[in-house]
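Enquirer: For reference, the structure I am asking about is given below.
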2 protein chains.
Amino acid sequence: MNPQIETRSEIRADIIKALAHPSRVLIAEALSDGERCVQDLTKLVGADISTVSKHLSIMKKSGWLEVEKRGLNQFYRLRCPCLLEFFRCVDLINLVRPKKTENQACC
Amino acid sequence: MNPQIETRSEIRADIIKALAHPSRVLIAEALSDGERCVQDLTKLVGADISTVSKHLSIMKKSGWLEVEKRGLNQFYRLRCPCLLEFFRCVDLINLVRPKKTENQACC
DNA sequence: CTTTTATTTGGCTATTCTGCCAAATAGATA
DNA sequence: TATCTATTTGGCAGAATAGCCAAATAAAAG
């Protein structure tokens with residue numbers, strides 16, 4: 001198929017995928033509290049700064065984040081407060097999620 | 001670290017990851033309209049039935065879906081209507097997402 | 001009990017994603 | 001201009017995912 005044309009489910013999956021990593025969730029959580037520069041987020045995540053920079057660029061490209069340069073720093077922030085609603089939904093799912101013990105029972 | 005202990009961001013990322021694929025988004029969209037059996041979802045997705053079955057098991061394990069067997073069929077359904085809210089948030093992000101043309105301009 | 005239908009599981013390959021290091025860039029400061 | 005600081009990019013190796021086929025299960029129907 002034409003790779004230029006994304007279906008709705010592909011678009012949605014791309015945007016969702018941009019949050020589907022523990023470090024990116026952590027970054028999103030931190031930014032829901034206000035903008036942060038790359039160094040600060042790197043301390044938070046505990047990975048190499050180049051790794052964090054790549055996570056940020058994925059999140060920016062997908063539309064979750066925007067960035068503003070001031071002085072030597074790049075300040076990243078959330079583009080939409082709906083993220084909190086998004087996490088609320090995820091946490092609801094976690095409540096009904098089958099527990100590991102249920103799945104691992106015997107066998 | 002102890003692999004038994006999942007941090008909040010890991011839990012959230014796992015649940016989000018379970019929707020981070022075009023076929024799984026498609027499945028979720030279909031199920032928001034009511035339960036479906038594996039065959040029907042397979043037609044919808046257009047992949048091998050074993051592939052679809054694996055997608056379903058990922059979604060079930062994460063808590064998004066539940067399943068009920070009736071006769072020869074397994075009927076899958078959404079566990080929580082909050083999914084629609086979730087997609088609404090994703091679609092909002094899509095509106096502010098940087099366009100490909102903006103990114104691909106020259107070079 | 002055998003066969004049929006629906007679904008899941010195992011196994012393998014191909015692709016995509018992650019994370020680190022090293023090098024490049026961009027601006028600020030000396 | 002040279003240097004420092006913050007960040008991004010390139011590249012590579014290892015890990016995780018996705019998809020297909022074939023085989024295994026499970027229950028219904030004959």
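The way I read the labels, and the way they are meant: chains A, B, ... in the order of the structure tokens, residue 1 as the first residue of every chain, and ligand 1 as the first ligand shown, with later ones counted on from there.
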Residues at most 12 Å from stretch 1-3 of chain C, counting only C-alpha atoms (C1' of nucleotides), excluding those fewer than 5 positions away in the same chain, as a compact mmCIF listing (two decimals) with C-alpha atoms (C1' of nucleotides), in the first residue's frame?
Expert:
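Saved result, part31.txt, follows:
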```txt
# COMPACT_ATOMS: atom_id res chain seq x y z
C1' DA D 28 -19.84 -29.58 19.22
C1' DA D 29 -21.90 -32.46 15.83
C1' DG D 30 -22.42 -36.67 13.40
```
Enquirer: Could you pull out the strand (DSSP E) residues of chain A from DSSP and send them as a PyMOL selection string?
Expert: chain A and resi 36-37+65-70+73-78
Enquirer: Show me, as a ChimeraX atom specification, the residues of chain A whose atoms get within 8 Å of chain D, using only C-alpha atoms (C1' of nucleotides) for the distance check.
Expert: /A:38-39,50,53,72-74
Enquirer: Within 12 Å of chain C, which residues of chain A come that close, and what is the closest atom pair and distance in Å for each? Count only C-alpha atoms (C1' of nucleotides) and give it as a Markdown table.
Expert:
```
| residue | atom | partner | partner_atom | distance |
| --- | --- | --- | --- | --- |
| A:Lys17 | CA | C:DC17 | C1' | 11.1 |
| A:Ala18 | CA | C:DC17 | C1' | 11.6 |
| A:Ala20 | CA | C:DC17 | C1' | 11.4 |
| A:His21 | CA | C:DT18 | C1' | 10.2 |
| A:Pro22 | CA | C:DT18 | C1' | 11.8 |
| A:Ser23 | CA | C:DT18 | C1' | 11.1 |
| A:Gly46 | CA | C:DG19 | C1' | 11.6 |
| A:Ala47 | CA | C:DG19 | C1' | 8.1 |
| A:Asp48 | CA | C:DC20 | C1' | 7.2 |
| A:Ile49 | CA | C:DC20 | C1' | 9.9 |
| A:Ser50 | CA | C:DC20 | C1' | 8.4 |
| A:Thr51 | CA | C:DG19 | C1' | 6.2 |
| A:Val52 | CA | C:DG19 | C1' | 9.6 |
| A:Ser53 | CA | C:DG19 | C1' | 11.5 |
| A:Lys54 | CA | C:DT18 | C1' | 9.9 |
| A:His55 | CA | C:DT18 | C1' | 9.8 |
| A:Ile58 | CA | C:DC17 | C1' | 11.7 |
| A:Lys69 | CA | C:DG27 | C1' | 10.2 |
| A:Arg70 | CA | C:DG27 | C1' | 9.9 |
| A:Gly71 | CA | C:DA28 | C1' | 7.2 |
| A:Leu72 | CA | C:DG27 | C1' | 6.3 |
| A:Asn73 | CA | C:DG27 | C1' | 9.6 |
| A:Gln74 | CA | C:DA26 | C1' | 11.3 |
```
Enquirer: For C-alpha atoms, I'd like the residues from the last selection saved as a PDB file, in the first residue's frame.
Expert:
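Writing done, so here's selection_37.pdb:
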```pdb
ATOM      1  CA  LYS A  17       3.171   3.963  20.674  1.00  0.00           C
ATOM      2  CA  ALA A  18       4.924   7.215  21.520  1.00  0.00           C
ATOM      3  CA  ALA A  20       4.321   2.934  25.240  1.00  0.00           C
ATOM      4  CA  HIS A  21       7.609   2.836  27.121  1.00  0.00           C
ATOM      5  CA  PRO A  22       8.290   3.204  30.854  1.00  0.00           C
ATOM      6  CA  SER A  23      10.766   6.046  30.390  1.00  0.00           C
ATOM      7  CA  GLY A  46      18.424   7.415  34.748  1.00  0.00           C
ATOM      8  CA  ALA A  47      19.561   6.581  31.232  1.00  0.00           C
ATOM      9  CA  ASP A  48      22.138   8.082  28.918  1.00  0.00           C
ATOM     10  CA  ILE A  49      21.253  11.613  27.846  1.00  0.00           C
ATOM     11  CA  SER A  50      21.295  10.564  24.203  1.00  0.00           C
ATOM     12  CA  THR A  51      18.707   7.913  24.963  1.00  0.00           C
ATOM     13  CA  VAL A  52      16.484  10.425  26.704  1.00  0.00           C
ATOM     14  CA  SER A  53      16.894  12.862  23.849  1.00  0.00           C
ATOM     15  CA  LYS A  54      15.659  10.184  21.457  1.00  0.00           C
ATOM     16  CA  HIS A  55      12.653   9.433  23.636  1.00  0.00           C
ATOM     17  CA  ILE A  58       9.664  10.462  19.494  1.00  0.00           C
ATOM     18  CA  LYS A  69      14.881  26.806  23.524  1.00  0.00           C
ATOM     19  CA  ARG A  70      15.996  29.299  26.160  1.00  0.00           C
ATOM     20  CA  GLY A  71      19.708  29.897  26.629  1.00  0.00           C
ATOM     21  CA  LEU A  72      21.517  26.593  26.351  1.00  0.00           C
ATOM     22  CA  ASN A  73      18.501  24.531  27.369  1.00  0.00           C
ATOM     23  CA  GLN A  74      15.677  22.928  25.493  1.00  0.00           C
TER      24      GLN A  74
END
```
Enquirer: How many Å separate atom CA of B:Phe87 from atom CA of A:Tyr76?
Expert: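 Atom CA of B:Phe87 sits 23.5 Å away from atom CA of A:Tyr76.
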